[in-house]
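Taking it in order: structure first as structure tokens, then the write-up.
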Amino acid sequence: MSKIMMWAITAALAGFLFGFDVVVISGADEKLQVLWNSSDGFHGAVVMGMALWGTVIGAIFGGIPANKWGRKKTLLVIGILYAMSAIGTALANDPYLFAFFRFMGGLGVGASTIAAPAYISEIAPAKDRGRLVSLYQFNIVLGILVAFFSNYLLSGIGDNDWRWMLGVQAIPATIYTLFVFTIPESPRWLISQSRVEEARKVMKVISPDQDSDLLTAQMEEDHADAPKENIFMKKYRFPLMLAFLVAFFNQMSGINAFLYYAPRIFGEAGLGEKTALLSSIGIGVVNMVFTLVGVNLIDKVGRKKLMFIGSIGYIISLGLVSMAFYLHWSGLAIPIFLFLFIASHAIGQGTVIWVFISEIFPNHLRASGQAFGSSTHWVLAAIIPSLIPTLFSTIGAGTVFLVFTIAMVFQLLFVIFMMPETKGTSLEKLSKSLSK
């Protein structure tokens, strides 16, 4: 198990770089606007927003290299993109060059949400698959927390402290890239390339107590239809719908609106700037603790039960936040409800999304299915937060949170009536049962 654990942790470190990359820019935000004297529109859309569009492109097209070059080579390219983005943004002297390197980092983020969960799900034994794939989400949360902490430590070390904040990411990116050289290729991808002997060797390490010939034969049978299939065929309508709905509800909870605008939301609730910033760090800590709880429970209680618990928590916490804005409750009520919201997200959707989407498609279509679910997630992650400032000023925060609450009632119905349980079942068996 220790070898598989090391391989899974290595691939999951792509998630650490993802979390770090997304948050590290917050430390440089205002300084860059002053430095380049940018208008609000240009600063938001180009300097700050370019990484997000890189992520969308990386998510839409990331399945292509994962299928063509393999999971391992794609993970290597992701590490190189992160390292180049860190060095490039740290040395950039104009906003256009800066935006170009941020876009490059965004490509790495988008592609990592496909290659890393797909790779881990394909090397993991069925009984440990949930726990190992959710290490990716745990690393995202860890990366977010470390970026906040890194920005705090590097803040004020000189006029160019923002260059150090952004450049320091090159260190974990280089370590990750070197580690990727030590992992084997996914046996399921090797089968798709007719490299059966290599796949058998990897399967002997992954499942030493099972017949590797039988396992590879099952994979070959699963791959038999590969050349003439795609995820939009009628027989894959159900897994496609599952991937879409899980990703759709993930963003309709308002999670990214929270993470991007936490200080603004706390400000709307009447908290001072210091308290608002402290509450933002609190969000990072709560997110980390409850993601750990989710990672430990996902193979014991299953994906469906975690989503059920998370949905109930969402409805209660978002409903309370909405009421707090309508009834003008002040003080610490809103931060407490938001911590409950983050805990509900971390233990449910946060832990489950990348695991579930990586399990429901057959081996030969996994990267394409992962790309579909991932790009649904990222397109909504780009649209919803960009609407928040306008929505707050027009319909008000209370109504915004009421819409999120209603969306989570629909998520609960989806979990109860539609979502299948996938824990402890081999990927090949899941492929047969979910493809009608």
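Identifiers in the structure tokens: chain A, B, ... in order shown; residue index from 1 per chain; ligand index from 1 in order shown.
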Against range 370-390 of chain A, which residues of range 154-232 of chain A fall within 12 Å? For each one I want the closest pair of atoms and the distance in Å (one decimal), counting only C-alpha atoms, rows by chain and increasing residue number, as a tab-separated table.
residue	atom	partner	partner_atom	distance
A:Asn230	CA	A:Phe372	CA	11.5
A:Ile231	CA	A:Phe372	CA	8.8
A:Phe232	CA	A:Phe372	CA	10.1
Convert the current residue selection to file output with C-alpha atoms, as a CSV table (one decimal), in the first residue's frame.
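Now in out01.csv:
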chain,number,residue,atom,x,y,z
A,230,ASN,CA,-17.5,9.1,-27.2
A,231,ILE,CA,-19.1,10.4,-24.0
A,232,PHE,CA,-22.1,11.9,-25.8
With only C-alpha atoms as the counted atoms, please give the residues lying no more than 8 Å from range 116-131 of chain A, apart from itself and same-chain residues fewer than 6 positions off, as a ChimeraX atom specification. /A:4,7-8,11-12,14-15,71-72,75,186-188,206-207,295-299,354-355,358-359,366-367,370,423-427
Give the answer as one residue: which of A:Leu413, A:Ala343, A:Leu17, A:Leu391 has the shortest atom-to-atom distance to Leu142 in chain A, using only C-alpha atoms?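 Ranked by minimum distance to Leu142 in chain A, first place goes to A:Leu17.
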Range 91-100 of chain A: which residues within 7 Å, counting only C-alpha atoms, same-chain residues fewer than 5 positions away excluded, as a list in words?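 What passes the distance filter is Trp36, Val46, Val47, Met50 and Arg163 of chain A.
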Which residue out of A:Ile87, A:Ile255, A:Val409, A:Met48 has the minimum interatomic distance to Met165 in chain A when only C-alpha atoms are used?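 Smallest distance to Met165 in chain A is found for A:Ile87.
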Just the residues within 8 Å of range 395-400 of chain A, please, counting only C-alpha atoms, with nothing from its chain fewer than 4 positions along; format it as a list in words.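 The filter keeps Val321, Ser322, Met323, Ala324, Phe325, Tyr326, Leu391 and Phe404 of chain A.
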Create the file for the chosen residues now, containing C-alpha atoms and written as a PDB file, in the first residue's frame.
ATOM      1  CA  VAL A 321     -27.158  33.651   6.100  1.00  0.00           C
ATOM      2  CA  SER A 322     -30.037  34.788   3.887  1.00  0.00           C
ATOM      3  CA  MET A 323     -32.243  35.461   6.943  1.00  0.00           C
ATOM      4  CA  ALA A 324     -29.402  37.328   8.659  1.00  0.00           C
ATOM      5  CA  PHE A 325     -29.186  39.769   5.726  1.00  0.00           C
ATOM      6  CA  TYR A 326     -32.976  40.191   5.458  1.00  0.00           C
ATOM      7  CA  LEU A 391     -26.003  41.135  -7.710  1.00  0.00           C
ATOM      8  CA  PHE A 404     -28.161  29.465  -3.371  1.00  0.00           C
TER       9      PHE A 404
END
Mind listing the alpha helix (DSSP H) residues of range 115-203 of chain A, per DSSP on the backbone, as JSON, numbers by chain? {"A": [115, 116, 117, 118, 119, 120, 121, 122, 123, 129, 130, 131, 132, 133, 134, 135, 136, 137, 138, 139, 140, 141, 142, 143, 144, 145, 146, 147, 148, 149, 150, 151, 152, 153, 154, 161, 162, 163, 164, 165, 166, 167, 170, 171, 172, 173, 174, 175, 176, 177, 178, 179, 180, 187, 188, 189, 190, 191, 192, 196, 197, 198, 199, 200, 201, 202, 203]}
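Shell of Ser431 in chain A at 12 Å, with only C-alpha atoms counted and residues fewer than 3 places along the chain excluded, is A:Gln218, A:Met219, A:Glu221, A:Asp222, A:His223, A:Lys235, A:Tyr236, A:Phe238, A:Pro239, A:Ser358, A:Glu359, A:Ile360, A:Phe361, A:Pro362, A:Asn363, A:His364, A:Leu365, A:Arg366, A:Thr422, A:Thr425, A:Ser426, A:Leu427, A:Glu428, A:Leu434, A:Ser435, A:Lys436.
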Work out how far CA of Ile347 in chain A is from CA of Ile334 in chain A, in Å to one decimal. 20.0 Å
Residues near range 177-183 of chain A, cut-off 7 Å, only C-alpha atoms, skip fewer than 6 positions along chain, as a ChimeraX atom specification: /A:7,10,76,79-80
Quick one: residues within 12 Å of Phe414 in chain A, only C-alpha atoms counted, chain neighbours fewer than 3 positions away excluded, as a PyMOL selection string? chain A and resi 241-242+244-246+248-249+304+307-308+311+407-411+417-420
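If only C-alpha atoms are the atoms counted, then among A:Thr394, A:Thr55, A:Ser134, A:Gln33 the closest residue to Leu107 in chain A is A:Thr55.
Candidate residues A:Gly70, A:Gly348, A:Gly156, A:Pro208 were compared for distance to Ile114 in chain A, and the nearest is A:Gly70, using only C-alpha atoms.
Shortest atom-to-atom contact with Met233 in chain A among A:Gly369, A:Val22, A:Met6, A:Tyr82: A:Gly369, counting only C-alpha atoms.
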Work out how far CA of Met104 in chain A is from CA of Val24 in chain A, in Å to one decimal. 14.8 Å
From the set A:Gly63, A:Gly44, A:Gly350, A:Gly105, which residue has the shortest atom-to-atom contact distance to Arg303 in chain A, counting only C-alpha atoms?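 Closest to Arg303 in chain A, using only C-alpha atoms: A:Gly350.
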